[in-house]
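Have a look at start_24.txt; it's compact mmCIF, N, CA, C and O atoms:
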# COMPACT_ATOMS: atom_id res chain seq x y z
N MET A 1157 15.84 9.49 -4.26
CA MET A 1157 15.38 10.41 -5.28
C MET A 1157 15.09 11.76 -4.62
O MET A 1157 14.19 11.84 -3.78
N ASN A 1158 15.82 12.78 -4.97
CA ASN A 1158 15.59 14.12 -4.44
C ASN A 1158 15.53 14.14 -2.92
O ASN A 1158 14.71 14.83 -2.33
N ASN A 1159 16.33 13.33 -2.28
CA ASN A 1159 16.38 13.24 -0.82
C ASN A 1159 15.13 12.61 -0.20
O ASN A 1159 14.96 12.65 1.00
N ASP A 1160 14.22 12.10 -1.01
CA ASP A 1160 13.08 11.36 -0.49
C ASP A 1160 13.46 9.89 -0.37
O ASP A 1160 14.31 9.40 -1.11
N LEU A 1161 12.82 9.21 0.55
CA LEU A 1161 13.03 7.78 0.70
C LEU A 1161 11.82 7.06 0.12
O LEU A 1161 10.68 7.38 0.45
N LYS A 1162 12.07 6.11 -0.78
CA LYS A 1162 10.99 5.33 -1.37
C LYS A 1162 11.13 3.89 -0.93
O LYS A 1162 12.20 3.30 -1.01
N ILE A 1163 10.02 3.33 -0.47
CA ILE A 1163 9.95 1.92 -0.08
C ILE A 1163 8.96 1.27 -1.03
O ILE A 1163 7.81 1.69 -1.11
N ILE A 1164 9.42 0.24 -1.74
CA ILE A 1164 8.56 -0.44 -2.71
C ILE A 1164 8.29 -1.85 -2.20
O ILE A 1164 9.22 -2.60 -1.91
N ILE A 1165 7.01 -2.16 -2.09
CA ILE A 1165 6.59 -3.47 -1.63
C ILE A 1165 5.81 -4.12 -2.77
O ILE A 1165 4.89 -3.50 -3.32
N ALA A 1166 6.18 -5.34 -3.14
CA ALA A 1166 5.50 -6.05 -4.22
C ALA A 1166 5.21 -7.47 -3.80
O ALA A 1166 6.00 -8.08 -3.07
N ASN A 1167 4.07 -7.98 -4.24
CA ASN A 1167 3.68 -9.33 -3.89
C ASN A 1167 2.82 -9.90 -5.01
O ASN A 1167 2.04 -9.18 -5.63
N THR A 1168 2.97 -11.17 -5.27
CA THR A 1168 2.08 -11.82 -6.23
C THR A 1168 0.72 -12.01 -5.56
O THR A 1168 0.58 -11.87 -4.35
N TYR A 1169 -0.28 -12.31 -6.36
CA TYR A 1169 -1.62 -12.50 -5.83
C TYR A 1169 -2.39 -13.46 -6.72
O TYR A 1169 -2.00 -13.72 -7.86
N LYS A 1170 -3.49 -13.97 -6.19
CA LYS A 1170 -4.38 -14.83 -6.95
C LYS A 1170 -5.73 -14.14 -7.06
O LYS A 1170 -6.14 -13.41 -6.16
N GLY A 1171 -6.44 -14.38 -8.15
CA GLY A 1171 -7.76 -13.79 -8.31
C GLY A 1171 -7.66 -12.36 -8.76
O GLY A 1171 -6.74 -11.97 -9.47
N THR A 1172 -8.63 -11.56 -8.34
CA THR A 1172 -8.65 -10.15 -8.70
C THR A 1172 -8.58 -9.30 -7.44
O THR A 1172 -8.99 -9.72 -6.37
N ILE A 1173 -8.04 -8.11 -7.60
CA ILE A 1173 -7.94 -7.16 -6.50
C ILE A 1173 -8.78 -5.94 -6.85
O ILE A 1173 -8.64 -5.38 -7.94
N ASP A 1174 -9.64 -5.53 -5.94
CA ASP A 1174 -10.43 -4.31 -6.10
C ASP A 1174 -9.64 -3.18 -5.44
O ASP A 1174 -9.68 -3.02 -4.22
N LEU A 1175 -8.91 -2.41 -6.25
CA LEU A 1175 -8.06 -1.36 -5.70
C LEU A 1175 -8.85 -0.29 -4.95
O LEU A 1175 -8.31 0.37 -4.07
N SER A 1176 -10.14 -0.14 -5.25
CA SER A 1176 -10.94 0.84 -4.52
C SER A 1176 -11.22 0.40 -3.08
O SER A 1176 -11.59 1.21 -2.24
N LYS A 1177 -11.03 -0.89 -2.78
CA LYS A 1177 -11.26 -1.41 -1.44
C LYS A 1177 -9.98 -1.77 -0.70
O LYS A 1177 -10.02 -2.19 0.45
N ILE A 1178 -8.84 -1.59 -1.33
CA ILE A 1178 -7.59 -2.12 -0.80
C ILE A 1178 -7.23 -1.59 0.58
O ILE A 1178 -6.58 -2.28 1.37
N ASP A 1179 -7.68 -0.38 0.92
CA ASP A 1179 -7.37 0.19 2.22
C ASP A 1179 -8.47 -0.04 3.25
O ASP A 1179 -8.35 0.39 4.40
N ASP A 1180 -9.54 -0.71 2.87
CA ASP A 1180 -10.64 -0.99 3.80
C ASP A 1180 -10.21 -2.04 4.83
O ASP A 1180 -9.55 -3.02 4.48
N TYR A 1181 -10.62 -1.82 6.07
CA TYR A 1181 -10.32 -2.79 7.12
C TYR A 1181 -10.98 -4.13 6.78
O TYR A 1181 -12.16 -4.18 6.47
N GLY A 1182 -10.20 -5.19 6.79
CA GLY A 1182 -10.71 -6.53 6.55
C GLY A 1182 -10.73 -6.96 5.09
O GLY A 1182 -10.98 -8.12 4.80
N TYR A 1183 -10.45 -6.03 4.15
CA TYR A 1183 -10.43 -6.44 2.74
C TYR A 1183 -9.17 -7.27 2.49
O TYR A 1183 -8.07 -6.88 2.85
N THR A 1184 -9.34 -8.45 1.89
CA THR A 1184 -8.22 -9.33 1.63
C THR A 1184 -8.55 -10.29 0.49
O THR A 1184 -9.71 -10.57 0.23
N THR A 1185 -7.51 -10.76 -0.15
CA THR A 1185 -7.65 -11.87 -1.11
C THR A 1185 -7.03 -13.13 -0.52
O THR A 1185 -6.97 -14.15 -1.18
N LYS A 1186 -6.56 -13.04 0.74
CA LYS A 1186 -5.84 -14.14 1.36
C LYS A 1186 -6.72 -15.04 2.23
O LYS A 1186 -6.25 -16.06 2.71
N GLY A 1187 -7.93 -14.66 2.50
CA GLY A 1187 -8.78 -15.47 3.36
C GLY A 1187 -8.92 -14.88 4.74
O GLY A 1187 -8.52 -13.75 5.00
N GLN A 1188 -9.49 -15.65 5.65
CA GLN A 1188 -9.78 -15.18 6.99
C GLN A 1188 -8.55 -14.72 7.75
O GLN A 1188 -7.44 -15.19 7.52
N ASN A 1189 -8.78 -13.81 8.70
CA ASN A 1189 -7.75 -13.31 9.60
C ASN A 1189 -6.65 -12.52 8.89
O ASN A 1189 -5.51 -12.50 9.35
N HIS A 1190 -6.98 -11.90 7.81
CA HIS A 1190 -6.07 -11.02 7.08
C HIS A 1190 -6.80 -9.72 6.80
O HIS A 1190 -7.96 -9.57 7.13
N GLY A 1191 -6.11 -8.77 6.17
CA GLY A 1191 -6.78 -7.55 5.74
C GLY A 1191 -6.68 -6.38 6.70
O GLY A 1191 -7.50 -5.47 6.65
N THR A 1192 -5.66 -6.38 7.54
CA THR A 1192 -5.50 -5.25 8.46
C THR A 1192 -4.26 -4.41 8.14
O THR A 1192 -4.25 -3.21 8.40
N GLY A 1193 -3.23 -5.00 7.60
CA GLY A 1193 -1.95 -4.31 7.40
C GLY A 1193 -2.04 -3.09 6.51
O GLY A 1193 -1.57 -2.01 6.88
N LEU A 1194 -2.65 -3.21 5.34
CA LEU A 1194 -2.73 -2.07 4.42
C LEU A 1194 -3.64 -0.99 4.98
O LEU A 1194 -3.42 0.20 4.75
N HIS A 1195 -4.65 -1.40 5.74
CA HIS A 1195 -5.54 -0.43 6.39
C HIS A 1195 -4.75 0.41 7.40
O HIS A 1195 -4.88 1.64 7.44
N ILE A 1196 -3.93 -0.24 8.20
CA ILE A 1196 -3.13 0.47 9.21
C ILE A 1196 -2.13 1.40 8.53
O ILE A 1196 -1.96 2.55 8.95
N VAL A 1197 -1.46 0.93 7.48
CA VAL A 1197 -0.51 1.78 6.75
C VAL A 1197 -1.22 3.01 6.20
O VAL A 1197 -0.73 4.14 6.33
N ASN A 1198 -2.41 2.83 5.64
CA ASN A 1198 -3.15 3.95 5.08
C ASN A 1198 -3.51 4.98 6.16
O ASN A 1198 -3.44 6.19 5.93
N ARG A 1199 -3.88 4.53 7.34
CA ARG A 1199 -4.20 5.44 8.44
C ARG A 1199 -2.98 6.25 8.87
O ARG A 1199 -3.07 7.46 9.10
N ILE A 1200 -1.83 5.60 8.95
CA ILE A 1200 -0.60 6.31 9.33
C ILE A 1200 -0.23 7.34 8.27
O ILE A 1200 0.10 8.49 8.59
N ILE A 1201 -0.29 6.94 7.01
CA ILE A 1201 0.07 7.83 5.91
C ILE A 1201 -0.87 9.03 5.85
O ILE A 1201 -0.45 10.16 5.61
N GLY A 1202 -2.16 8.79 6.09
CA GLY A 1202 -3.14 9.87 6.02
C GLY A 1202 -2.99 10.92 7.11
O GLY A 1202 -3.50 12.03 6.97
N LYS A 1203 -2.29 10.60 8.17
CA LYS A 1203 -2.14 11.53 9.29
C LYS A 1203 -0.92 12.43 9.19
O LYS A 1203 -0.74 13.33 10.00
N ASN A 1204 -0.06 12.19 8.21
CA ASN A 1204 1.19 12.94 8.15
C ASN A 1204 1.53 13.28 6.70
O ASN A 1204 1.72 12.37 5.89
N PRO A 1205 1.65 14.56 6.37
CA PRO A 1205 1.89 14.95 4.97
C PRO A 1205 3.28 14.60 4.43
O PRO A 1205 3.51 14.78 3.24
N ILE A 1206 4.17 14.09 5.28
CA ILE A 1206 5.48 13.71 4.72
C ILE A 1206 5.41 12.38 3.99
O ILE A 1206 6.33 12.00 3.29
N PHE A 1207 4.29 11.65 4.16
CA PHE A 1207 4.11 10.35 3.50
C PHE A 1207 3.24 10.48 2.26
O PHE A 1207 2.31 11.27 2.22
N GLU A 1208 3.56 9.64 1.28
CA GLU A 1208 2.75 9.54 0.07
C GLU A 1208 2.72 8.08 -0.33
O GLU A 1208 3.69 7.35 -0.13
N LYS A 1209 1.59 7.64 -0.89
CA LYS A 1209 1.44 6.23 -1.24
C LYS A 1209 0.91 6.11 -2.66
O LYS A 1209 0.03 6.85 -3.07
N GLU A 1210 1.46 5.15 -3.40
CA GLU A 1210 0.96 4.83 -4.75
C GLU A 1210 0.72 3.32 -4.80
O GLU A 1210 1.61 2.54 -4.45
N THR A 1211 -0.47 2.93 -5.20
CA THR A 1211 -0.84 1.52 -5.28
C THR A 1211 -1.14 1.18 -6.72
O THR A 1211 -1.83 1.93 -7.41
N GLN A 1212 -0.62 0.04 -7.18
CA GLN A 1212 -0.87 -0.35 -8.57
C GLN A 1212 -0.68 -1.85 -8.77
O GLN A 1212 -0.12 -2.53 -7.92
N ILE A 1213 -1.17 -2.31 -9.89
CA ILE A 1213 -0.96 -3.69 -10.33
C ILE A 1213 -0.02 -3.63 -11.53
O ILE A 1213 -0.28 -2.92 -12.50
N LEU A 1214 1.11 -4.32 -11.43
CA LEU A 1214 2.08 -4.39 -12.52
C LEU A 1214 2.30 -5.85 -12.85
O LEU A 1214 2.80 -6.61 -12.02
N ASP A 1215 1.94 -6.23 -14.07
CA ASP A 1215 2.01 -7.63 -14.48
C ASP A 1215 1.23 -8.48 -13.47
O ASP A 1215 0.06 -8.25 -13.28
N ASN A 1216 1.87 -9.41 -12.81
CA ASN A 1216 1.18 -10.25 -11.82
C ASN A 1216 1.55 -9.85 -10.39
O ASN A 1216 1.49 -10.67 -9.48
N PHE A 1217 1.93 -8.59 -10.20
CA PHE A 1217 2.33 -8.12 -8.88
C PHE A 1217 1.45 -6.98 -8.41
O PHE A 1217 1.16 -6.05 -9.17
N PHE A 1218 1.04 -7.05 -7.16
CA PHE A 1218 0.41 -5.94 -6.47
C PHE A 1218 1.55 -5.14 -5.85
O PHE A 1218 2.41 -5.71 -5.18
N THR A 1219 1.60 -3.84 -6.09
CA THR A 1219 2.69 -3.04 -5.55
C THR A 1219 2.17 -1.82 -4.81
O THR A 1219 1.14 -1.26 -5.16
N GLN A 1220 2.90 -1.44 -3.77
CA GLN A 1220 2.70 -0.17 -3.11
C GLN A 1220 4.05 0.50 -2.99
O GLN A 1220 5.03 -0.13 -2.59
N ILE A 1221 4.07 1.78 -3.37
CA ILE A 1221 5.27 2.58 -3.22
C ILE A 1221 4.96 3.62 -2.15
O ILE A 1221 4.04 4.42 -2.29
N ILE A 1222 5.71 3.57 -1.08
CA ILE A 1222 5.58 4.52 0.01
C ILE A 1222 6.73 5.50 -0.09
O ILE A 1222 7.90 5.09 -0.10
N THR A 1223 6.42 6.78 -0.19
CA THR A 1223 7.44 7.82 -0.24
C THR A 1223 7.42 8.59 1.06
O THR A 1223 6.35 8.98 1.53
N ILE A 1224 8.60 8.79 1.62
CA ILE A 1224 8.75 9.64 2.80
C ILE A 1224 9.51 10.87 2.33
O ILE A 1224 10.68 10.79 1.93
N HIS A 1225 8.82 12.01 2.33
CA HIS A 1225 9.42 13.25 1.85
C HIS A 1225 10.27 13.89 2.93
O HIS A 1225 9.89 13.92 4.09
N LYS A 1226 11.40 14.40 2.51
CA LYS A 1226 12.25 15.13 3.44
C LYS A 1226 11.53 16.44 3.79
O LYS A 1226 10.97 17.10 2.93
N LYS A 1227 11.52 16.76 5.04
CA LYS A 1227 10.82 17.98 5.49
C LYS A 1227 11.46 19.23 4.95
O LYS A 1227 12.59 19.32 4.70

Please lay out the structure from this file as structure tokens.
Amino acid sequence: MNNDLKIIIANTYKGTIDLSKIDDYGYTTKGQNHGTGLHIVNRIIGKNPIFEKETQILDNFFTQIITIHKK
């Protein structure tokens, strides 16, 4: 789209997701020893303006859309 690259990641989930905590280190709905991946992605995205992230719940899927803007 407009020379930008979009990566869409979707996953089913159980229970409820608090989207306000989704980027917090250790926040997970999966149990112990999880909750680092989205935190790391958020840190990388926050350091570089070519990245943009959109997080949402669609039907029974948790989705993140990562956009890499062409410089």

What lies within 6 Å of segment 1206-1222 of chain A using all atoms listed in the file, ignoring chain neighbours under 4 positions off, as a ChimeraX atom specification?
/A:1161-1169,1201,1226

Could you pull out the residues in chain A that DSSP calls alpha helix (DSSP H) from the backbone, as a list in words?
Gly1193, Leu1194, His1195, Ile1196, Val1197, Asn1198, Arg1199, Ile1200, Ile1201 and Gly1202 of chain A

Dump N, CA, C and O atoms for the selected residues as a compact mmCIF listing (two decimals), in the coordinates of the input?
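Written file, again_33.txt:
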# COMPACT_ATOMS: atom_id res chain seq x y z
N GLY A 1193 -3.23 -5.00 7.60
CA GLY A 1193 -1.95 -4.31 7.40
C GLY A 1193 -2.04 -3.09 6.51
O GLY A 1193 -1.57 -2.01 6.88
N LEU A 1194 -2.65 -3.21 5.34
CA LEU A 1194 -2.73 -2.07 4.42
C LEU A 1194 -3.64 -0.99 4.98
O LEU A 1194 -3.42 0.20 4.75
N HIS A 1195 -4.65 -1.40 5.74
CA HIS A 1195 -5.54 -0.43 6.39
C HIS A 1195 -4.75 0.41 7.40
O HIS A 1195 -4.88 1.64 7.44
N ILE A 1196 -3.93 -0.24 8.20
CA ILE A 1196 -3.13 0.47 9.21
C ILE A 1196 -2.13 1.40 8.53
O ILE A 1196 -1.96 2.55 8.95
N VAL A 1197 -1.46 0.93 7.48
CA VAL A 1197 -0.51 1.78 6.75
C VAL A 1197 -1.22 3.01 6.20
O VAL A 1197 -0.73 4.14 6.33
N ASN A 1198 -2.41 2.83 5.64
CA ASN A 1198 -3.15 3.95 5.08
C ASN A 1198 -3.51 4.98 6.16
O ASN A 1198 -3.44 6.19 5.93
N ARG A 1199 -3.88 4.53 7.34
CA ARG A 1199 -4.20 5.44 8.44
C ARG A 1199 -2.98 6.25 8.87
O ARG A 1199 -3.07 7.46 9.10
N ILE A 1200 -1.83 5.60 8.95
CA ILE A 1200 -0.60 6.31 9.33
C ILE A 1200 -0.23 7.34 8.27
O ILE A 1200 0.10 8.49 8.59
N ILE A 1201 -0.29 6.94 7.01
CA ILE A 1201 0.07 7.83 5.91
C ILE A 1201 -0.87 9.03 5.85
O ILE A 1201 -0.45 10.16 5.61
N GLY A 1202 -2.16 8.79 6.09
CA GLY A 1202 -3.14 9.87 6.02
C GLY A 1202 -2.99 10.92 7.11
O GLY A 1202 -3.50 12.03 6.97

Atom O of Gly1191 of chain A to atom CA of Pro1205 of chain A: how many Å, to one decimal?
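According to the coordinates, atom O of Gly1191 of chain A and atom CA of Pro1205 of chain A are separated by 22.5 Å.
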
How would you write, as a ChimeraX atom specification, the set of residues in chain A that DSSP gives as strand (DSSP E)?
/A:1161-1168,1207-1214,1217-1224

In Å, rounded to a single decimal, give me how far atom O of Arg1199 of chain A is from atom O of Asp1179 of chain A.
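Taking atom O of Asp1179 of chain A as the start and atom O of Arg1199 of chain A as the end point, the length is 10.0 Å.
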
As an exercise, work out the distance from atom CA of Lys1170 of chain A to atom C of Ile1200 of chain A in Å and give it to one decimal place.
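Going from atom CA of Lys1170 of chain A over to atom C of Ile1200 of chain A covers 27.2 Å.
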
Exercise: Thr1184 of chain A partners within 8 Å, only N, CA, C and O atoms, chain neighbours under 4 positions left out, as a count of residues only:
11
